Structure formats: structure tokens, C-alpha cells
>>> print(open('final38.txt').read())   # compact mmCIF, C-alpha atoms and all ligand atoms
# COMPACT_ATOMS: atom_id res chain seq x y z
CA MET A 1 89.80 66.20 99.14
CA PRO A 2 87.32 68.59 97.48
CA THR A 3 84.17 69.02 99.55
CA LYS A 4 80.82 70.68 98.84
CA TYR A 5 79.99 73.79 100.86
CA ALA A 6 76.69 75.66 101.05
CA LEU A 7 77.41 79.36 101.45
CA LEU A 8 75.32 82.51 101.73
CA ILE A 9 76.87 85.27 99.64
CA ASN A 10 75.21 88.64 99.14
CA GLY A 11 71.95 87.14 100.40
CA ARG A 12 72.02 84.33 97.85
CA PRO A 13 72.61 80.66 98.69
CA VAL A 14 75.43 79.20 96.57
CA SER A 15 77.03 75.79 96.47
CA VAL A 16 80.75 75.43 95.81
CA GLU A 17 83.17 72.54 95.74
CA ALA A 18 86.66 73.16 97.09
CA GLU A 19 89.45 71.92 99.29
CA PRO A 20 88.68 72.80 102.94
CA ASP A 21 91.62 75.20 103.09
CA ALA A 22 90.71 77.02 99.86
CA THR A 23 90.39 80.70 100.64
CA LEU A 24 87.19 82.67 100.39
CA LEU A 25 89.06 85.05 98.06
CA SER A 26 89.81 82.28 95.58
CA ILE A 27 86.20 81.03 95.73
CA LEU A 28 84.82 84.53 95.11
CA ARG A 29 87.12 85.36 92.22
CA GLU A 30 87.67 82.00 90.53
CA GLN A 31 84.38 80.15 91.06
CA LEU A 32 81.76 82.87 91.48
CA ASP A 33 83.17 85.61 89.24
CA LEU A 34 82.87 88.16 92.05
CA THR A 35 86.06 89.97 91.09
CA GLY A 36 85.33 93.22 92.93
CA THR A 37 87.21 91.69 95.87
CA LYS A 38 90.89 92.14 95.01
CA TYR A 39 93.97 89.97 95.45
CA GLY A 40 96.73 92.20 96.79
CA CYS A 41 99.29 90.55 99.04
CA GLY A 42 97.54 87.23 99.70
CA GLU A 43 98.80 87.21 103.27
CA GLY A 44 96.60 89.51 105.32
CA GLN A 45 98.76 92.62 105.01
CA CYS A 46 97.02 94.96 102.56
CA GLY A 47 93.24 94.78 103.06
CA ALA A 48 92.42 94.69 99.33
CA CYS A 49 90.48 91.44 99.83
CA THR A 50 88.27 92.66 102.70
CA VAL A 51 84.68 91.39 102.83
CA LEU A 52 82.03 91.33 105.53
CA ILE A 53 81.32 88.11 107.40
CA ASP A 54 78.25 88.48 109.60
CA GLY A 55 78.63 92.26 109.23
CA ARG A 56 82.29 92.52 110.28
CA ALA A 57 85.36 93.10 108.13
CA HIS A 58 87.51 90.06 107.42
CA ARG A 59 90.43 89.34 105.09
CA SER A 60 89.08 86.86 102.55
CA CYS A 61 92.63 85.79 101.57
CA GLU A 62 93.04 84.32 105.05
CA THR A 63 89.57 82.82 105.49
CA PRO A 64 89.23 79.10 104.69
CA VAL A 65 85.98 78.09 103.03
CA SER A 66 85.46 75.37 105.64
CA THR A 67 84.80 78.04 108.30
CA LEU A 68 81.99 79.73 106.37
CA PRO A 69 78.85 77.55 106.28
CA GLY A 70 76.12 79.18 108.41
CA LYS A 71 77.64 82.64 108.05
CA SER A 72 76.51 85.55 105.91
CA ILE A 73 79.12 86.91 103.51
CA THR A 74 78.85 90.31 101.83
CA THR A 75 81.14 91.47 99.04
CA ILE A 76 81.34 94.84 97.33
CA GLU A 77 78.87 93.51 94.74
CA GLY A 78 76.27 93.02 97.47
CA LEU A 79 76.25 96.52 98.95
CA ALA A 80 74.04 98.40 96.50
CA GLU A 81 70.28 97.98 96.71
CA ASN A 82 68.69 97.80 93.27
CA ASP A 83 70.10 100.86 91.47
CA ARG A 84 71.01 102.70 94.68
CA LEU A 85 74.61 102.68 95.84
CA HIS A 86 75.34 102.06 99.50
CA PRO A 87 75.98 105.41 101.29
CA VAL A 88 79.68 104.52 101.70
CA GLN A 89 80.04 103.78 97.98
CA GLN A 90 78.28 107.05 97.17
CA ALA A 91 80.50 108.99 99.58
CA PHE A 92 83.68 107.55 98.02
CA LEU A 93 82.42 108.68 94.61
CA ASP A 94 81.37 112.11 95.86
CA GLU A 95 84.76 112.69 97.51
CA GLY A 96 86.74 111.21 94.61
CA ALA A 97 88.39 108.92 97.16
CA MET A 98 90.29 106.79 94.65
CA GLN A 99 92.97 106.92 91.99
CA CYS A 100 93.77 103.45 90.59
CA ALA A 101 90.97 102.08 92.82
CA PHE A 102 92.70 98.76 93.53
CA CYS A 103 92.28 99.30 97.28
CA THR A 104 88.81 100.81 97.04
CA SER A 105 86.52 97.83 97.52
CA GLY A 106 88.51 96.73 100.56
CA MET A 107 88.47 100.26 101.96
CA ILE A 108 84.72 100.51 101.46
CA MET A 109 84.05 97.15 103.12
CA SER A 110 86.18 98.11 106.12
CA ALA A 111 84.42 101.48 106.31
CA VAL A 112 81.00 99.80 106.24
CA SER A 113 82.10 97.52 109.08
CA LEU A 114 83.33 100.49 111.11
CA LEU A 115 80.19 102.56 110.54
CA ASN A 116 77.97 99.58 111.44
CA ASN A 117 79.32 99.85 114.97
CA ARG A 118 80.47 103.47 115.16
CA PRO A 119 78.21 105.73 113.08
CA ASN A 120 80.18 108.93 113.69
CA PRO A 121 83.85 107.98 114.16
CA THR A 122 86.67 110.43 114.81
CA ASP A 123 89.68 110.72 112.50
CA ALA A 124 91.72 108.71 114.99
CA GLU A 125 89.12 105.93 115.13
CA ILE A 126 88.99 105.73 111.34
CA VAL A 127 92.78 105.62 111.05
CA GLN A 128 93.01 102.92 113.70
CA PHE A 129 90.25 100.77 112.21
CA LEU A 130 91.57 101.05 108.66
CA GLN A 131 95.24 100.72 109.47
CA GLY A 132 95.35 97.31 107.77
CA ASN A 133 94.00 98.76 104.52
CA ILE A 134 96.84 100.06 102.36
CA CYS A 135 96.40 102.64 99.57
CA ARG A 136 99.51 102.84 97.42
CA CYS A 137 98.14 105.94 95.68
CA GLY A 138 97.97 107.80 98.99
CA THR A 139 94.33 108.86 98.82
CA TYR A 140 93.99 108.68 102.60
CA PRO A 141 92.76 112.29 103.14
CA ARG A 142 89.92 111.75 100.67
CA ILE A 143 89.11 108.35 102.17
CA LEU A 144 88.81 110.00 105.60
CA ALA A 145 86.53 112.66 104.14
CA ALA A 146 84.40 110.01 102.44
CA ILE A 147 83.94 108.03 105.64
CA HIS A 148 82.92 111.17 107.54
CA ARG A 149 80.48 112.00 104.73
CA ALA A 150 78.99 108.50 104.81
CA GLY A 151 78.67 108.63 108.59
CA ALA A 152 76.86 111.95 108.40
CA ALA A 153 74.54 110.64 105.68
CA LYS A 154 73.77 107.60 107.81
CA GLU A 155 72.98 109.75 110.84
CA ALA A 156 70.77 112.05 108.78
CA ARG A 157 68.59 109.16 107.64
CA PRO A 158 65.29 108.73 109.56
S1 LIG B 1 95.08 90.22 99.68
FE1 LIG B 1 94.20 89.83 101.62
S2 LIG B 1 95.13 91.27 102.95
FE2 LIG B 1 96.17 91.54 101.05
S1 LIG B 2 93.58 104.26 94.95
FE1 LIG B 2 95.30 103.16 94.19
S2 LIG B 2 95.84 101.84 95.82
FE2 LIG B 2 94.31 103.11 96.67
>>> encode(input="final38.txt", output="C-alpha cells", more="lines below")
Ligand code: FES
Ligand code: FES
Amino acid sequence: MPTKYALLINGRPVSVEAEPDATLLSILREQLDLTGTKYGCGEGQCGACTVLIDGRAHRSCETPVSTLPGKSITTIEGLAENDRLHPVQQAFLDEGAMQCAFCTSGMIMSAVSLLNNRPNPTDAEIVQFLQGNICRCGTYPRILAAIHRAGAAKEARP
């Protein structure tokens, strides 16, 4: 039976009505028009749908809405502050770390999650953390470079 849920998305309280097992991905895309989060496989295998829940990367295609009240959700649309891109977004642009860009928002959200806990990761740590994020265009070398660039920018900030 559809139920009302109070959610906090990108710092904004929103109310949605959905079946308890409706996925966060479907809520974002179909009810809230937050289409930066992509539908890839729909079964937790590609990472295109990655968002942050309480600062950590999660697959929104596998996250039921009923588990989300009281948690803080961040999507790609919530990263920039005013007109200023998040350092990871800027680094992806500066390194040209995308071709079709279908994987990009998921990659960026995973990278933000990694850098939140590990500001200066090694190549091996990046590869391990992002192994569930698939890029069919094969832009992995540029994605690695972008994450290193974002980490360095973060460390350089006072
Ligand atoms: S759409 Fe969620 S992991 Fe592929
Ligand atoms: S840039 Fe096309 S899937 Fe990654």
C-alpha cells in the first residue's frame, strides 16, 4: 500500500508517497525529477545509480524508500555549492574523464565517498573502491587522474 515518507534530499525536506519497496532510484527520477542519477542495470552491478546516504556511497537501485527516513541523501545535483562545482566534479571536467558520461554521476558520487574517508588514496585503493562502478567507454585512466586531482585539491584547501 502506498505510504508517505519524509525524506531529506540534497539538504531539502521532501515528502513522497510510494510503496515501501519502491527504490530510491525510482523516487529520484520519476517523482522528484532528479535525473542525474542514472538507471543502468537496476540490480546493483554497474554503479550508475550511486548516491550518498549519510555521506557514504550506496546503490539507489537497491535501496528501498522505507529505509530512508532520518537519513541524509545526496545526489549529483546536490554537490555543487551555488555556482561552484564540487572539487570532484571540477576534476572530472579538468581531466576530461568522460565520453558518453552515462557512468559519470555514479563515478563522481563514489569518488566523493572515497575521498571523504581517504583524502589521498593510492591507485590500488581507488580501483578497489570503484570496482563496482562500470565505464563502458573505458575512461578509467582519466577517472583515476581526476580522483587524484580532486584529492590533491582537497588537501591543498586550508
Ligand atoms: S543501476 Fe544501480 S547498480 Fe546499476
Ligand atoms: S563515459 Fe561512457 S560509460 Fe563511462
>>> residues_around(input="final38.txt", residues="Leu130 in chain A", least_positions_apart="2", cutoff="12 Å", atoms="all atoms listed in the file", output="count of residues only")
34
>>> closest_atom_pairs(input="final38.txt", of="chain A", to="ligand LIG 2 (chain B)", cutoff="8 Å", atoms="all atoms listed in the file", output="JSON lines")
{"residue": "A:Ala97", "atom": "CA", "partner": "B:LIG2", "partner_atom": "S1", "distance": 7.3}
{"residue": "A:Met98", "atom": "CA", "partner": "B:LIG2", "partner_atom": "S1", "distance": 4.2}
{"residue": "A:Gln99", "atom": "CA", "partner": "B:LIG2", "partner_atom": "S1", "distance": 4.0}
{"residue": "A:Cys100", "atom": "CA", "partner": "B:LIG2", "partner_atom": "FE1", "distance": 3.9}
{"residue": "A:Ala101", "atom": "CA", "partner": "B:LIG2", "partner_atom": "S1", "distance": 4.0}
{"residue": "A:Phe102", "atom": "CA", "partner": "B:LIG2", "partner_atom": "S2", "distance": 5.0}
{"residue": "A:Cys103", "atom": "CA", "partner": "B:LIG2", "partner_atom": "FE2", "distance": 4.4}
{"residue": "A:Thr104", "atom": "CA", "partner": "B:LIG2", "partner_atom": "FE2", "distance": 6.0}
{"residue": "A:Ile134", "atom": "CA", "partner": "B:LIG2", "partner_atom": "S2", "distance": 6.9}
{"residue": "A:Cys135", "atom": "CA", "partner": "B:LIG2", "partner_atom": "FE2", "distance": 3.6}
{"residue": "A:Arg136", "atom": "CA", "partner": "B:LIG2", "partner_atom": "S2", "distance": 4.1}
{"residue": "A:Cys137", "atom": "CA", "partner": "B:LIG2", "partner_atom": "FE1", "distance": 4.2}
{"residue": "A:Gly138", "atom": "CA", "partner": "B:LIG2", "partner_atom": "FE2", "distance": 6.4}
{"residue": "A:Thr139", "atom": "CA", "partner": "B:LIG2", "partner_atom": "S1", "distance": 6.1}
>>> closest_residue(input="final38.txt", among="A:Ala150, A:Ile9, A:Thr23, A:Val14", to="Val65 in chain A", atoms="only C-alpha atoms")
A:Thr23
>>> residues_near_point(input="final38.txt", point="(83.4, 109.5, 99.5)", cutoff="8 Å", atoms="only C-alpha atoms", output="list of chain:residue names")
A:Val88, A:Gln89, A:Gln90, A:Ala91, A:Phe92, A:Leu93, A:Asp94, A:Glu95, A:Gly96, A:Ala97, A:Arg142, A:Ile143, A:Ala145, A:Ala146, A:Ile147, A:Arg149, A:Ala150
>>> atom_distance(input="final38.txt", atom1="CA of Ala152 in chain A", atom2="CA of Gly55 in chain A")
19.8 Å
>>> residues_near_ligand(input="final38.txt", ligand="ligand LIG 1 (chain B)", cutoff="7 Å", atoms="all atoms listed in the file", output="count of residues only")
17
>>> atom_distance(input="final38.txt", atom1="CA of Gly11 in chain A", atom2="CA of Pro87 in chain A")
18.7 Å
